[in-house]
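Q: Dropping in start-v6.tsv, which is TSV, C-alpha atoms and all ligand atoms:
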```
chain	number	residue	atom	x	y	z
S	1	MET	CA	-24.72	2.95	21.23
S	2	LYS	CA	-20.99	3.19	21.08
S	3	ASN	CA	-18.81	0.47	22.38
S	4	TYR	CA	-15.17	0.88	23.14
S	5	LEU	CA	-12.89	-2.07	23.03
S	6	ARG	CA	-9.29	-2.34	23.96
S	7	LYS	CA	-7.76	-5.66	23.25
S	8	THR	CA	-4.30	-6.99	23.81
S	9	THR	CA	-2.78	-10.18	22.59
S	10	HIS	CA	0.55	-11.90	22.62
S	11	ARG	CA	-0.05	-12.95	19.08
S	12	LYS	CA	-1.50	-10.75	16.44
S	13	LEU	CA	-4.40	-8.40	16.63
S	14	MET	CA	-6.31	-6.77	13.90
S	15	GLY	CA	-8.85	-4.08	13.89
S	16	LEU	CA	-11.29	-3.64	11.08
S	17	LEU	CA	-11.83	-0.12	9.94
S	18	CYS	CA	-14.83	0.78	7.90
S	19	MET	CA	-15.26	4.51	7.81
S	20	GLY	CA	-18.09	5.63	5.62
S	21	ALA	CA	-17.13	5.36	1.99
S	22	VAL	CA	-13.52	4.53	2.74
S	23	LEU	CA	-12.52	1.58	0.72
S	24	ALA	CA	-10.79	-1.16	2.55
S	25	PRO	CA	-10.06	0.14	5.94
S	26	ALA	CA	-8.58	-2.15	8.52
S	27	ALA	CA	-5.38	-2.53	10.42
S	28	TRP	CA	-3.00	-5.31	11.19
S	29	ALA	CA	-0.63	-5.53	14.10
S	30	GLN	CA	2.53	-7.55	14.37
S	31	ALA	CA	3.07	-10.05	17.13
S	32	GLY	CA	3.13	-8.41	20.53
S	33	GLU	CA	1.75	-5.12	19.30
S	34	VAL	CA	-1.53	-3.65	20.32
S	35	ILE	CA	-4.03	-1.80	18.25
S	36	ASP	CA	-6.85	0.03	19.90
S	37	PHE	CA	-10.09	0.22	18.05
S	38	GLU	CA	-13.63	1.32	18.54
S	39	ILE	CA	-16.85	-0.25	17.42
S	40	SER	CA	-19.38	2.40	16.57
S	41	GLU	CA	-22.68	1.79	14.82
S	42	GLY	CA	-21.44	-1.46	13.42
S	43	GLN	CA	-18.18	-0.03	12.18
S	44	VAL	CA	-14.82	-0.93	13.60
S	45	VAL	CA	-12.43	1.97	13.50
S	46	PRO	CA	-8.76	1.75	14.46
S	47	THR	CA	-7.47	4.58	16.53
S	48	GLU	CA	-3.84	4.23	15.59
S	49	ASP	CA	-1.85	5.13	12.51
S	50	PHE	CA	-1.81	2.63	9.69
S	51	ALA	CA	0.13	1.78	6.54
S	52	VAL	CA	-1.20	0.79	3.13
S	53	LYS	CA	-0.34	-1.78	0.48
S	54	VAL	CA	-2.13	-1.68	-2.87
S	55	SER	CA	-1.96	-4.64	-5.23
S	56	VAL	CA	-3.29	-4.82	-8.76
S	57	LEU	CA	-4.27	-8.46	-8.99
S	58	GLY	CA	-5.12	-8.17	-12.64
S	59	ALA	CA	-7.14	-6.54	-15.37
S	60	ALA	CA	-9.18	-7.77	-18.32
S	61	ILE	CA	-11.07	-5.52	-20.68
S	62	THR	CA	-11.35	-5.74	-24.43
S	63	SER	CA	-13.10	-3.98	-27.27
S	64	SER	CA	-13.87	-6.28	-30.17
S	65	GLY	CA	-11.34	-8.66	-28.72
S	66	VAL	CA	-8.53	-6.10	-28.48
S	67	ASP	CA	-7.15	-5.20	-25.05
S	68	MET	CA	-8.05	-1.72	-23.84
S	69	PRO	CA	-5.52	0.09	-21.60
S	70	VAL	CA	-6.39	0.48	-17.91
S	71	THR	CA	-4.65	2.89	-15.54
S	72	VAL	CA	-4.68	3.25	-11.77
S	73	LEU	CA	-4.56	6.23	-9.41
S	74	ILE	CA	-4.34	5.84	-5.65
S	75	ASN	CA	-5.33	8.63	-3.29
S	76	ILE	CA	-4.62	8.47	0.43
S	77	ALA	CA	-5.38	11.36	2.72
S	78	GLY	CA	-5.24	13.77	-0.18
S	79	THR	CA	-1.95	12.55	-1.62
S	80	SER	CA	-1.90	10.89	-5.02
S	81	TYR	CA	0.21	7.87	-5.92
S	82	GLU	CA	0.81	6.44	-9.37
S	83	PRO	CA	3.13	3.51	-8.68
S	84	PHE	CA	2.03	1.59	-11.75
S	85	GLY	CA	2.62	4.43	-14.19
S	86	ALA	CA	0.94	7.73	-14.93
S	87	HIS	CA	-2.81	7.36	-14.58
S	88	ASP	CA	-3.43	9.81	-17.41
S	89	ASP	CA	-1.13	8.03	-19.84
S	90	PRO	CA	-2.67	4.84	-21.25
S	91	SER	CA	0.63	3.79	-22.75
S	92	GLU	CA	2.91	4.28	-19.76
S	93	GLY	CA	0.40	3.44	-17.04
S	94	ASN	CA	-1.37	0.48	-18.57
S	95	VAL	CA	-1.90	-2.47	-16.23
S	96	ASN	CA	-4.09	-4.50	-18.60
S	97	ASP	CA	-1.05	-6.33	-19.96
S	98	HIS	CA	-1.48	-9.89	-18.62
S	99	SER	CA	1.30	-9.35	-16.08
S	100	PRO	CA	1.49	-11.00	-12.66
S	101	PRO	CA	0.11	-8.96	-9.76
S	102	ARG	CA	1.76	-5.62	-9.08
S	103	HIS	CA	2.32	-4.50	-5.49
S	104	PHE	CA	2.96	-1.10	-3.95
S	105	ILE	CA	3.59	-0.33	-0.28
S	106	VAL	CA	3.23	3.33	0.56
S	107	GLN	CA	6.31	4.40	2.52
S	108	ASP	CA	4.36	6.36	5.05
S	109	THR	CA	1.80	5.92	7.79
S	110	PHE	CA	-1.53	7.66	8.01
S	111	ASP	CA	-3.87	9.03	10.59
S	112	PRO	CA	-6.77	6.72	11.49
S	113	ASN	CA	-9.16	9.12	9.81
S	114	ALA	CA	-7.31	9.03	6.50
S	115	THR	CA	-9.36	7.97	3.52
S	116	ILE	CA	-8.12	5.65	0.81
S	117	ASP	CA	-9.50	5.42	-2.65
S	118	VAL	CA	-8.51	3.86	-5.92
S	119	THR	CA	-9.48	5.20	-9.32
S	120	GLY	CA	-9.52	2.95	-12.35
S	121	THR	CA	-9.66	4.33	-15.88
S	122	SER	CA	-10.21	2.49	-19.14
S	123	TRP	CA	-8.98	3.89	-22.44
S	124	ARG	CA	-9.89	3.42	-26.05
S	125	THR	CA	-7.08	1.98	-28.14
S	126	SER	CA	-7.03	5.35	-29.91
S	127	GLY	CA	-5.83	6.88	-26.64
S	128	SER	CA	-8.94	8.70	-25.47
S	129	MET	CA	-10.46	8.09	-22.06
S	130	TYR	CA	-13.37	5.67	-21.95
S	131	LEU	CA	-14.67	5.19	-18.41
S	132	GLN	CA	-13.38	6.20	-14.99
S	133	ARG	CA	-14.60	4.83	-11.67
S	134	ASN	CA	-13.57	5.59	-8.12
S	135	SER	CA	-14.00	3.11	-5.32
S	136	TYR	CA	-14.60	5.95	-2.86
S	137	GLU	CA	-17.88	6.89	-4.44
S	138	GLU	CA	-19.45	3.50	-3.75
S	139	SER	CA	-20.43	3.29	-7.38
S	140	PRO	CA	-22.36	0.18	-8.44
S	141	SER	CA	-19.57	-0.20	-10.98
S	142	VAL	CA	-17.21	-1.19	-8.17
S	143	LYS	CA	-17.88	-4.28	-6.07
S	144	VAL	CA	-16.11	-4.88	-2.78
S	145	LEU	CA	-15.09	-8.33	-1.56
S	146	ARG	CA	-14.28	-8.97	2.07
S	147	ASP	CA	-13.62	-12.00	4.19
S	148	GLY	CA	-16.58	-14.36	4.17
S	149	ASP	CA	-18.26	-12.87	1.11
S	150	PRO	CA	-19.57	-15.19	-1.61
S	151	VAL	CA	-17.14	-15.85	-4.42
S	152	PRO	CA	-18.02	-13.75	-7.47
S	153	ASN	CA	-19.81	-15.74	-10.13
S	154	ILE	CA	-19.56	-13.54	-13.21
S	155	ASP	CA	-18.36	-14.82	-16.56
S	156	GLY	CA	-15.67	-12.84	-18.30
S	157	PHE	CA	-16.75	-10.97	-21.43
S	158	GLU	CA	-15.43	-11.98	-24.85
S	159	GLY	CA	-13.73	-15.05	-23.44
S	160	GLN	CA	-11.80	-13.18	-20.75
S	161	ALA	CA	-10.93	-14.83	-17.47
S	162	GLY	CA	-13.72	-14.40	-14.94
S	163	ALA	CA	-13.49	-12.29	-11.80
S	164	VAL	CA	-13.09	-15.49	-9.81
S	165	ASP	CA	-9.83	-16.24	-11.62
S	166	PHE	CA	-8.29	-13.01	-10.37
S	167	VAL	CA	-9.13	-13.68	-6.73
S	168	GLU	CA	-8.50	-17.43	-6.65
S	169	ASP	CA	-5.77	-17.07	-4.02
S	170	TYR	CA	-8.39	-15.70	-1.63
S	171	ILE	CA	-11.07	-18.38	-1.94
S	172	ASP	CA	-12.00	-21.07	0.54
S	173	THR	CA	-13.05	-23.82	-1.84
S	174	GLU	CA	-14.81	-25.77	0.88
S	175	THR	CA	-17.18	-22.98	1.87
S	176	GLY	CA	-17.27	-21.19	-1.46
S	177	THR	CA	-16.51	-17.90	0.22
S	178	MET	CA	-13.74	-15.36	0.16
S	179	THR	CA	-11.09	-15.95	2.78
S	180	MET	CA	-9.04	-12.89	3.55
S	181	ASP	CA	-7.68	-11.12	6.54
S	182	VAL	CA	-9.90	-8.48	8.06
S	183	ASN	CA	-7.34	-5.92	6.99
S	184	GLN	CA	-7.87	-6.75	3.33
S	185	SER	CA	-10.46	-5.80	0.73
S	186	ILE	CA	-10.65	-6.56	-2.96
S	187	TYR	CA	-12.23	-4.13	-5.40
S	188	LEU	CA	-13.73	-5.35	-8.67
S	189	PHE	CA	-14.03	-2.57	-11.25
S	190	GLU	CA	-16.39	-2.55	-14.22
S	191	LEU	CA	-14.82	-0.12	-16.68
S	192	GLY	CA	-16.30	-1.37	-19.94
S	193	THR	CA	-19.99	-0.57	-19.73
S	194	THR	CA	-22.45	1.47	-17.72
S	195	ARG	CA	-25.17	-1.10	-18.37
S	196	LEU	CA	-24.37	-3.25	-15.39
S	197	SER	CA	-27.01	-5.85	-16.27
S	198	SER	CA	-25.38	-6.63	-19.60
S	199	SER	CA	-23.04	-9.55	-20.18
S	200	ALA	CA	-20.29	-7.04	-20.83
S	201	ALA	CA	-20.34	-6.08	-17.15
S	202	ASP	CA	-17.87	-8.66	-15.86
S	203	PHE	CA	-16.31	-6.73	-12.97
S	204	GLN	CA	-12.72	-7.71	-13.59
S	205	ASP	CA	-11.68	-4.84	-15.85
S	206	LEU	CA	-9.50	-3.93	-12.89
S	207	VAL	CA	-9.04	-5.99	-9.71
S	208	VAL	CA	-7.32	-4.30	-6.77
S	209	LEU	CA	-6.44	-5.63	-3.33
S	210	VAL	CA	-5.93	-3.12	-0.51
S	211	THR	CA	-4.13	-4.33	2.61
S	212	LEU	CA	-3.66	-2.21	5.71
S	213	GLY	CA	-0.94	-2.71	8.30
S	214	THR	CA	0.74	-0.98	11.17
S	215	THR	CA	3.84	0.20	9.29
S	216	PRO	CA	5.33	-0.13	5.80
S	217	GLN	CA	7.96	-2.44	7.31
S	218	ALA	CA	5.31	-4.68	8.78
S	219	LEU	CA	3.59	-4.90	5.42
S	220	GLU	CA	6.87	-5.80	3.73
S	221	GLU	CA	7.65	-8.47	6.28
S	222	GLY	CA	4.15	-9.72	6.96
S	223	ASP	CA	3.04	-13.11	5.77
S	224	LEU	CA	-0.49	-11.87	5.50
S	225	ALA	CA	-1.88	-15.08	4.17
S	226	ASP	CA	-1.08	-16.68	7.50
S	227	ALA	CA	-1.92	-13.74	9.70
S	228	SER	CA	-4.20	-14.58	12.57
S	229	TYR	CA	-6.23	-12.39	14.80
S	230	ASP	CA	-8.64	-12.45	17.70
B	1	CA	CA	-13.74	-7.36	-18.54
```
Let me see whether you can do it: turn the structure in this file into structure tokens.
A:
Amino acid sequence: MKNYLRKTTHRKLMGLLCMGAVLAPAAWAQAGEVIDFEISEGQVVPTEDFAVKVSVLGAAITSSGVDMPVTVLINIAGTSYEPFGAHDDPSEGNVNDHSPPRHFIVQDTFDPNATIDVTGTSWRTSGSMYLQRNSYEESPSVKVLRDGDPVPNIDGFEGQAGAVDFVEDYIDTETGTMTMDVNQSIYLFELGTTRLSSSAADFQDLVVLVTLGTTPQALEEGDLADASYD
């Protein structure tokens, strides 16, 4: 059964997009704008172009207590982006450096059917690739957090900060759940082990927030933390 909804608002309106394996699909409209969307088989799919902001909230992965490099590759509708440095160069593209969050707004808009995925790669300190995971593949090595989800309760390995520490700005402490806009998703990457039941699997080797909006300008101007929607 396919429903079709068209909603208008004088305030803000968001549509949640969840197309198959697409990572964090959703859309956010500025005041007075309208976004059409469909609800089909439980998925909400915007029918208008959207823009993308990718934020690396942090990274934490060590080997015997020594930081391992982590690199990031973004792919949207077949185009690759490496805003945080070359993804195949663990020296130039390393984001596991205890820096504040990094943000990148793609200066383009995309068709509603465009797919977004983020690839995280960990590297041995010798420079060889260790593990690579892609959010698009719905690997069990990548967890997705959305609005209303339980807060992750996973201790960091080897004394690292826990996953919860990287997403603390998106937690409702009263309910113990994630509080985000519907246009936002957080991806928790495990890039240190393939044994996901081991204590080494702490799912904060790379933490990425994907935010969708109507235009790059809207994403640059938007106070997303305060965004409201019907
Ligand atoms: Ca870790």
Q: Using only C-alpha atoms, what does the table of region 117-169 of chain S residues within 10 Å of region 198-212 of chain S look like, with each row giving the shortest atom pair and its distance in Å to one decimal, sorted by chain and ascending number, as a tab-separated table?
A:
```
residue	atom	partner	partner_atom	distance
S:Asp117	CA	S:Val210	CA	9.5
S:Val118	CA	S:Val208	CA	8.3
S:Thr119	CA	S:Leu206	CA	9.8
S:Gly120	CA	S:Leu206	CA	6.9
S:Thr121	CA	S:Leu206	CA	8.8
S:Ser122	CA	S:Asp205	CA	8.2
S:Ser141	CA	S:Phe203	CA	7.6
S:Val142	CA	S:Phe203	CA	7.4
S:Lys143	CA	S:Phe203	CA	7.5
S:Val144	CA	S:Val208	CA	9.7
S:Leu145	CA	S:Leu209	CA	9.2
S:Pro152	CA	S:Phe203	CA	9.1
S:Asn153	CA	S:Asp202	CA	9.3
S:Ile154	CA	S:Asp202	CA	5.8
S:Asp155	CA	S:Asp202	CA	6.2
S:Gly156	CA	S:Asp202	CA	5.3
S:Phe157	CA	S:Ala200	CA	5.3
S:Glu158	CA	S:Ala200	CA	8.0
S:Gln160	CA	S:Asp202	CA	9.0
S:Ala161	CA	S:Gln204	CA	8.3
S:Gly162	CA	S:Gln204	CA	6.9
S:Ala163	CA	S:Gln204	CA	5.0
S:Val164	CA	S:Gln204	CA	8.7
S:Asp165	CA	S:Gln204	CA	9.2
S:Phe166	CA	S:Val207	CA	7.1
S:Val167	CA	S:Val207	CA	8.2
```
Q: Near Thr215 (chain S), within 7 Å and counting all atoms listed in the file, which residues show up once chain neighbours fewer than 6 positions away are dropped, as a list in words?
A: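 In the requested form, the answer reads Phe50, Ala51 and Thr109 of chain S.
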Q: Write the residues of the preceding selection, restricted to C-alpha atoms, as a short mmCIF file (atom, residue, chain, number, x, y, z; two decimals), in the frame of the given file.
A:
```
data_model
loop_
_atom_site.label_atom_id
_atom_site.label_comp_id
_atom_site.auth_asym_id
_atom_site.auth_seq_id
_atom_site.Cartn_x
_atom_site.Cartn_y
_atom_site.Cartn_z
CA PHE S 50 -1.81 2.63 9.69
CA ALA S 51 0.13 1.78 6.54
CA THR S 109 1.80 5.92 7.79
#
```
Q: Using all atoms listed in the file, which of the listed residues (S:Pro216, S:Asp88, S:Val66, S:Val52) sits closest to ligand CA 1 (chain B)?
A: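 Selected residue with least distance to ligand CA 1 (chain B): S:Val66.
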Q: Using only C-alpha atoms, which residues sit within 9 Å of Thr179 (chain S) once same-chain residues fewer than 3 positions away are excluded, as a ChimeraX atom specification?
A: /S:146-149,169-172
Q: What's the separation between CA of Asp111 (chain S) and CA of Glu48 (chain S), in Å to one decimal place?
A: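 Pair CA of Asp111 (chain S) / CA of Glu48 (chain S) returns 6.9 Å.
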Q: What gap, in Å, lies between CA of Thr125 (chain S) and CA of Thr62 (chain S)?
A: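 Computed distance, CA of Thr125 (chain S) to CA of Thr62 (chain S), equals 9.6 Å.
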Q: Restricting the calculation to only C-alpha atoms: of S:Ile105, S:Leu191, S:Val95, S:Met180, which residue gets closest to Ser63 (chain S)?
A: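 When distances to Ser63 (chain S) are compared using only C-alpha atoms, the smallest one comes from S:Leu191.
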Q: Just checking: using only C-alpha atoms, which residue out of S:Pro90, S:Tyr187, S:Asp181, S:Gly192 ends up closest to Ala60 (chain S)?
A: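 Under the stated criterion, the closest residue is S:Gly192.
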Q: Taking into account all atoms listed in the file, which residue in the set S:Asn134, S:Thr193, S:Thr214, S:Ser139 is nearest to ligand CA 1 (chain B)?
A: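 Residue with the minimum atom-to-atom distance to ligand CA 1 (chain B): S:Thr193.
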Q: Find, counting all atoms listed in the file, the residue in S:Pro150, S:Gly127, S:Pro112, S:Gly159 that gets nearest to ligand CA 1 (chain B).
A: S:Gly159
Q: Quote the spacing between CA of Thr175 (chain S) and CA of His103 (chain S) in Å to one decimal place.
A: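 About the pair CA of Thr175 (chain S) and CA of His103 (chain S): they are 27.9 Å apart.
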Q: Report as a list in words all protein, DNA and RNA residues lying within 8 Å of Pro101 (chain S), evaluated on all atoms listed in the file, omitting residues in the same chain fewer than 3 positions from it.
A: Ser55, Val56, Leu57 and Gly58 of chain S
